[in-house]
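First the structure, in the form of structure tokens, and then the observations on it.
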Amino acid sequence: MKITKAVGVDSLSVEIRLISERIEVVATSSMSLDRLVISAKVFCPVSTGALMDSIRVERRGPLETALIAGGGGHINPRTRRPVDYARHVHDGTSRVPPRPFLLQAVLSEQLRLAMEIMDLAGGLMQ
């Protein structure tokens, strides 16, 4: 995809500043990942629902977002203990096979997310 825009020399500095502002808007918008959280909840195995309820997105920096399951003060209603077993469910143990619900969500959403970012980025030069 090629995007061009004719800009006069006198307005070049303004255009460059606007592009950097738009990049920040695009990055912030595309990193909300609401659909990824929904997808992860669909793939999450459910016993009490505590693990599914703990799935969320956390911003780690201006251009870094993490899909998280477990922790965050979530409590399993059956055991009254923290939901700290997400890794064991996702990656499996010596006794239980892996159920990679986060990976399945990422794989199912990666094409849609890439297209969304490209669409948003394409609007930068308009």
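Letters for chains follow the order of the structure tokens (A, B, ...), residue numbers begin at 1 for each chain, and ligand numbers begin at 1 in the order shown.
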Test item: residues at most 8 Å from region 81-95 of chain A, only C-alpha atoms, excluding those fewer than 3 positions along its chain, as a list in words: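 The residues that qualify are Ala50, Leu51, Ser54, Ala69, Gly70, Gly71, Gly73, His74, Ile75, Asn76, Pro77, Pro98, Arg99, Pro100, Phe101 and Leu102 of chain A.
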For the selection you just gave me, I'd like the residues written to a file as an mmCIF file, in the first residue's frame, keeping C-alpha atoms.
data_model
loop_
_atom_site.group_PDB
_atom_site.id
_atom_site.type_symbol
_atom_site.label_atom_id
_atom_site.label_comp_id
_atom_site.auth_asym_id
_atom_site.auth_seq_id
_atom_site.Cartn_x
_atom_site.Cartn_y
_atom_site.Cartn_z
ATOM 1 C CA ALA A 50 -12.424 -17.156 38.172
ATOM 2 C CA LEU A 51 -9.643 -17.689 35.638
ATOM 3 C CA SER A 54 -9.091 -12.588 35.514
ATOM 4 C CA ALA A 69 -4.596 -14.112 33.041
ATOM 5 C CA GLY A 70 -4.547 -14.715 36.782
ATOM 6 C CA GLY A 71 -3.268 -12.522 39.574
ATOM 7 C CA GLY A 73 -6.370 -9.698 43.122
ATOM 8 C CA HIS A 74 -8.782 -12.184 41.555
ATOM 9 C CA ILE A 75 -9.984 -14.850 43.990
ATOM 10 C CA ASN A 76 -11.309 -18.297 43.134
ATOM 11 C CA PRO A 77 -14.784 -18.485 44.746
ATOM 12 C CA PRO A 98 -1.789 -27.742 28.197
ATOM 13 C CA ARG A 99 -4.853 -25.684 27.360
ATOM 14 C CA PRO A 100 -3.248 -22.649 25.675
ATOM 15 C CA PHE A 101 -6.245 -20.309 25.754
ATOM 16 C CA LEU A 102 -4.173 -17.114 25.489
#
For region 104-111 of chain A, find every residue with an atom within 10 Å (counting only C-alpha atoms), except residues of its own chain fewer than 5 positions away, and show them as a list in words.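 These residues fall inside the cut-off: Leu33, Arg35, Leu36, Val37, Ile38, Ser39, Ala40, Lys41, Val42, Phe43, Cys44, Leu67, Arg99, Glu116 and Ile117 of chain A.
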For the selection just defined, write its residues with C-alpha atoms to a file, as a tab-separated table (two decimals), in the first residue's frame.
chain	number	residue	atom	x	y	z
A	33	LEU	CA	-7.10	-5.26	22.44
A	35	ARG	CA	-11.50	-8.23	21.09
A	36	LEU	CA	-8.42	-10.21	22.10
A	37	VAL	CA	-9.67	-10.33	25.70
A	38	ILE	CA	-13.09	-11.54	24.51
A	39	SER	CA	-11.44	-14.22	22.37
A	40	ALA	CA	-9.23	-15.37	25.27
A	41	LYS	CA	-12.31	-15.69	27.48
A	42	VAL	CA	-14.01	-17.81	24.81
A	43	PHE	CA	-11.03	-20.21	24.68
A	44	CYS	CA	-10.48	-20.27	28.48
A	67	LEU	CA	-2.58	-9.99	27.74
A	99	ARG	CA	-4.85	-25.68	27.36
A	116	GLU	CA	-6.92	-3.02	11.95
A	117	ILE	CA	-3.49	-1.51	12.59
Would you compute the distance between CA of Glu21 (chain A) and CA of Glu64 (chain A)? Give it in Å to one decimal.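 Interatomic distance here is 17.2 Å.
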Which distance in Å separates CA of Leu103 (chain A) and CA of Arg59 (chain A), to one decimal?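 Spanning CA of Leu103 (chain A) to CA of Arg59 (chain A) is a straight-line distance of 18.5 Å.
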Check the DSSP output for the backbone and give back, as a ChimeraX atom specification, the residues of region 17-109 of chain A in strand (DSSP E or B). /A:56-61,64-68,75,82
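One finds CA of Val57 (chain A) at 7.9 Å from CA of Asp34 (chain A).
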Enumerate as a PyMOL selection string all residues of region 5-120 of chain A assigned to helix (DSSP H, G or I) by DSSP on the backbone, naming them with the chain letters and numbers the document uses. chain A and resi 9-30+34-43+50-53+86-91+101-120
